[in-house]
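Containing PDB, C-alpha atoms: model.pdb.
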MODEL        1
ATOM      1  CA  MET P   1      65.017 135.328  74.704  1.00  0.00           C
ATOM      2  CA  TYR P   2      68.367 135.220  72.960  1.00  0.00           C
ATOM      3  CA  TYR P   3      71.217 137.660  73.426  1.00  0.00           C
ATOM      4  CA  LYS P   4      74.257 138.676  71.428  1.00  0.00           C
ATOM      5  CA  PHE P   5      77.108 141.105  71.981  1.00  0.00           C
ATOM      6  CA  SER P   6      76.543 144.425  70.262  1.00  0.00           C
ATOM      7  CA  GLY P   7      79.720 145.906  68.818  1.00  0.00           C
ATOM      8  CA  PHE P   8      78.107 149.353  68.692  1.00  0.00           C
ATOM      9  CA  THR P   9      76.973 149.681  72.324  1.00  0.00           C
ATOM     10  CA  GLN P  10      79.496 147.160  73.774  1.00  0.00           C
ATOM     11  CA  LYS P  11      76.652 145.478  75.690  1.00  0.00           C
ATOM     12  CA  LEU P  12      74.410 142.459  75.366  1.00  0.00           C
ATOM     13  CA  ALA P  13      71.401 143.097  73.208  1.00  0.00           C
ATOM     14  CA  GLY P  14      68.347 141.055  72.343  1.00  0.00           C
ATOM     15  CA  ALA P  15      68.602 139.002  69.174  1.00  0.00           C
ATOM     16  CA  TRP P  16      66.940 136.306  67.133  1.00  0.00           C
ATOM     17  CA  ALA P  17      68.087 132.724  67.647  1.00  0.00           C
ATOM     18  CA  SER P  18      69.875 132.632  64.299  1.00  0.00           C
ATOM     19  CA  ASP P  19      71.851 135.781  65.163  1.00  0.00           C
ATOM     20  CA  ALA P  20      72.684 134.603  68.683  1.00  0.00           C
ATOM     21  CA  TYR P  21      74.114 131.282  67.506  1.00  0.00           C
ATOM     22  CA  SER P  22      76.315 132.823  64.820  1.00  0.00           C
ATOM     23  CA  PRO P  23      78.276 135.563  66.594  1.00  0.00           C
ATOM     24  CA  GLN P  24      79.566 138.677  64.840  1.00  0.00           C
ATOM     25  CA  GLY P  25      77.444 137.898  61.798  1.00  0.00           C
ATOM     26  CA  LEU P  26      79.548 134.915  60.714  1.00  0.00           C
ATOM     27  CA  ARG P  27      77.628 132.183  59.000  1.00  0.00           C
ATOM     28  CA  PRO P  28      78.824 128.594  58.879  1.00  0.00           C
ATOM     29  CA  VAL P  29      79.942 127.512  55.441  1.00  0.00           C
ATOM     30  CA  VAL P  30      78.680 124.108  54.374  1.00  0.00           C
ATOM     31  CA  SER P  31      81.289 122.386  52.258  1.00  0.00           C
ATOM     32  CA  THR P  32      80.108 120.117  49.459  1.00  0.00           C
ATOM     33  CA  GLU P  33      83.554 118.546  48.989  1.00  0.00           C
ATOM     34  CA  ALA P  34      84.710 115.495  50.876  1.00  0.00           C
ATOM     35  CA  PRO P  35      87.448 116.155  53.424  1.00  0.00           C
ATOM     36  CA  PRO P  36      90.964 115.195  52.298  1.00  0.00           C
ATOM     37  CA  ILE P  37      92.296 111.771  53.236  1.00  0.00           C
ATOM     38  CA  ILE P  38      94.734 112.079  56.102  1.00  0.00           C
ATOM     39  CA  PHE P  39      96.252 108.612  55.939  1.00  0.00           C
ATOM     40  CA  ALA P  40      96.913 107.094  52.556  1.00  0.00           C
ATOM     41  CA  THR P  41      97.065 103.506  53.776  1.00  0.00           C
ATOM     42  CA  PRO P  42      93.880 101.875  55.047  1.00  0.00           C
ATOM     43  CA  THR P  43      93.697 101.020  58.715  1.00  0.00           C
ATOM     44  CA  LYS P  44      93.885  97.385  59.740  1.00  0.00           C
ATOM     45  CA  LEU P  45      91.010  96.172  61.855  1.00  0.00           C
ATOM     46  CA  SER P  46      91.848  93.615  64.481  1.00  0.00           C
ATOM     47  CA  SER P  47      90.017  90.337  64.148  1.00  0.00           C
ATOM     48  CA  GLY P  48      90.700  89.199  67.724  1.00  0.00           C
ATOM     49  CA  PRO P  49      88.516  89.711  70.771  1.00  0.00           C
ATOM     50  CA  THR P  50      88.062  93.278  71.982  1.00  0.00           C
ATOM     51  CA  ALA P  51      88.519  92.480  75.674  1.00  0.00           C
ATOM     52  CA  TYR P  52      91.750  91.280  77.197  1.00  0.00           C
ATOM     53  CA  ASP P  53      91.873  87.669  78.265  1.00  0.00           C
ATOM     54  CA  TYR P  54      92.854  87.301  81.917  1.00  0.00           C
ATOM     55  CA  ALA P  55      94.769  84.105  82.510  1.00  0.00           C
ATOM     56  CA  GLY P  56      94.919  84.403  86.312  1.00  0.00           C
ATOM     57  CA  LYS P  57      92.731  82.716  88.880  1.00  0.00           C
ATOM     58  CA  ASN P  58      89.695  84.575  90.198  1.00  0.00           C
ATOM     59  CA  THR P  59      90.423  85.129  93.899  1.00  0.00           C
ATOM     60  CA  VAL P  60      87.319  87.184  94.686  1.00  0.00           C
ATOM     61  CA  PRO P  61      85.231  84.300  96.146  1.00  0.00           C
ATOM     62  CA  GLU P  62      88.047  83.321  98.558  1.00  0.00           C
ATOM     63  CA  LEU P  63      88.506  86.924  99.658  1.00  0.00           C
ATOM     64  CA  GLN P  64      84.751  87.307 100.155  1.00  0.00           C
ATOM     65  CA  LYS P  65      84.725  84.248 102.408  1.00  0.00           C
ATOM     66  CA  LEU P  66      87.721  85.578 104.353  1.00  0.00           C
ATOM     67  CA  PHE P  67      86.333  89.067 104.896  1.00  0.00           C
ATOM     68  CA  GLN P  68      82.743  87.985 105.626  1.00  0.00           C
ATOM     69  CA  LYS P  69      83.731  85.421 108.260  1.00  0.00           C
ATOM     70  CA  SER P  70      82.568  86.591 111.705  1.00  0.00           C
ATOM     71  CA  ASP P  71      85.530  85.753 113.924  1.00  0.00           C
ATOM     72  CA  GLY P  72      85.714  88.981 115.931  1.00  0.00           C
ATOM     73  CA  VAL P  73      88.750  90.331 114.049  1.00  0.00           C
ATOM     74  CA  PRO P  74      88.364  93.851 112.585  1.00  0.00           C
ATOM     75  CA  ILE P  75      88.162  94.031 108.802  1.00  0.00           C
ATOM     76  CA  HIS P  76      91.471  95.899 108.511  1.00  0.00           C
ATOM     77  CA  LEU P  77      93.328  93.046 110.283  1.00  0.00           C
ATOM     78  CA  LYS P  78      91.743  90.013 108.575  1.00  0.00           C
ATOM     79  CA  ARG P  79      94.743  89.105 106.383  1.00  0.00           C
ATOM     80  CA  GLY P  80      97.124  88.490 109.270  1.00  0.00           C
ATOM     81  CA  LEU P  81     100.683  89.739 109.805  1.00  0.00           C
ATOM     82  CA  PRO P  82     100.997  92.157 106.845  1.00  0.00           C
ATOM     83  CA  ASP P  83      97.833  93.968 107.944  1.00  0.00           C
ATOM     84  CA  GLN P  84      99.040  94.070 111.553  1.00  0.00           C
ATOM     85  CA  MET P  85     102.397  95.530 110.506  1.00  0.00           C
ATOM     86  CA  LEU P  86     100.745  98.173 108.337  1.00  0.00           C
ATOM     87  CA  TYR P  87      98.264  99.056 111.089  1.00  0.00           C
ATOM     88  CA  ARG P  88     100.944  99.343 113.781  1.00  0.00           C
ATOM     89  CA  THR P  89     103.212 101.420 111.528  1.00  0.00           C
ATOM     90  CA  THR P  90     100.340 103.774 110.734  1.00  0.00           C
ATOM     91  CA  MET P  91      99.459 104.150 114.406  1.00  0.00           C
ATOM     92  CA  ALA P  92     103.114 104.786 115.367  1.00  0.00           C
ATOM     93  CA  LEU P  93     103.479 107.462 112.682  1.00  0.00           C
ATOM     94  CA  THR P  94     100.205 109.080 113.790  1.00  0.00           C
ATOM     95  CA  VAL P  95     101.216 109.199 117.448  1.00  0.00           C
ATOM     96  CA  GLY P  96     104.723 110.404 116.539  1.00  0.00           C
ATOM     97  CA  GLY P  97     103.334 113.136 114.279  1.00  0.00           C
ATOM     98  CA  THR P  98     100.931 114.285 116.979  1.00  0.00           C
ATOM     99  CA  ILE P  99     103.735 114.510 119.537  1.00  0.00           C
ATOM    100  CA  TYR P 100     105.937 116.374 117.038  1.00  0.00           C
ATOM    101  CA  CYS P 101     103.140 118.872 116.319  1.00  0.00           C
ATOM    102  CA  LEU P 102     102.546 119.468 120.031  1.00  0.00           C
ATOM    103  CA  ILE P 103     106.273 120.059 120.636  1.00  0.00           C
ATOM    104  CA  ALA P 104     106.434 122.440 117.661  1.00  0.00           C
ATOM    105  CA  LEU P 105     103.401 124.365 118.958  1.00  0.00           C
ATOM    106  CA  TYR P 106     104.952 124.573 122.429  1.00  0.00           C
ATOM    107  CA  MET P 107     108.240 125.873 121.030  1.00  0.00           C
ATOM    108  CA  ALA P 108     106.418 128.395 118.828  1.00  0.00           C
ATOM    109  CA  SER P 109     104.396 129.694 121.766  1.00  0.00           C
ATOM    110  CA  GLN P 110     107.456 130.469 123.929  1.00  0.00           C
ATOM    111  CA  PRO P 111     108.952 133.963 123.547  1.00  0.00           C
ATOM    112  CA  ARG P 112     112.560 134.196 122.393  1.00  0.00           C
ATOM    113  CA  ASN P 113     115.114 135.465 124.903  1.00  0.00           C
ATOM    114  CA  LYS P 114     117.391 138.204 123.598  1.00  0.00           C
TER
ENDMDL
END
Could you take the file, read its structure, and then write that structure out as structure tokens?
Amino acid sequence: MYYKFSGFTQKLAGAWASDAYSPQGLRPVVSTEAPPIIFATPTKLSSGPTAYDYAGKNTVPELQKLFQKSDGVPIHLKRGLPDQMLYRTTMALTVGGTIYCLIALYMASQPRNK
């Protein structure tokens, strides 16, 4: 069943499909004229390829070999020193933030002396 808003009762009322899809009795006007031209000059179509040409070397196979090698090193440390530095910095910030939060909670839990 289709519904439309009744202006008389200010409620939803049952309606035919044609009434429900054209609210407030408005009917779409079909224009027989062509729409006006927005740009006077014609657009230039590119004759080149649509995708961008990538001139770099594909490094995915080397990275797959590096990350799939079973040498006992965790995946987040496979690339050597930069990964180790990032990992250690992240761990230091995590431990430091945890300690800071615990100190802040301890200070907030103590009553103030007047």
Exercise for review: Could you please determine the separation between atom CA of P:Ser70 and atom CA of P:Leu86 in Å, to one decimal place?
Suggested key: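 Atom-to-atom, atom CA of P:Ser70 and atom CA of P:Leu86 are spaced 21.8 Å apart.
Across the structure, atom CA of P:Gly80 and atom CA of P:Ala92 are spaced 18.4 Å apart.
Residues within 10 Å of P:Leu12, counting only C-alpha atoms and excluding same-chain residues fewer than 5 positions away, are Tyr2, Tyr3, Lys4, Phe5, Ser6 and Gly7 of chain P.
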Check your understanding: What does the distance from atom CA of P:Val60 to atom CA of P:Met85 come to in Å, to one decimal?
Key -> 23.4 Å
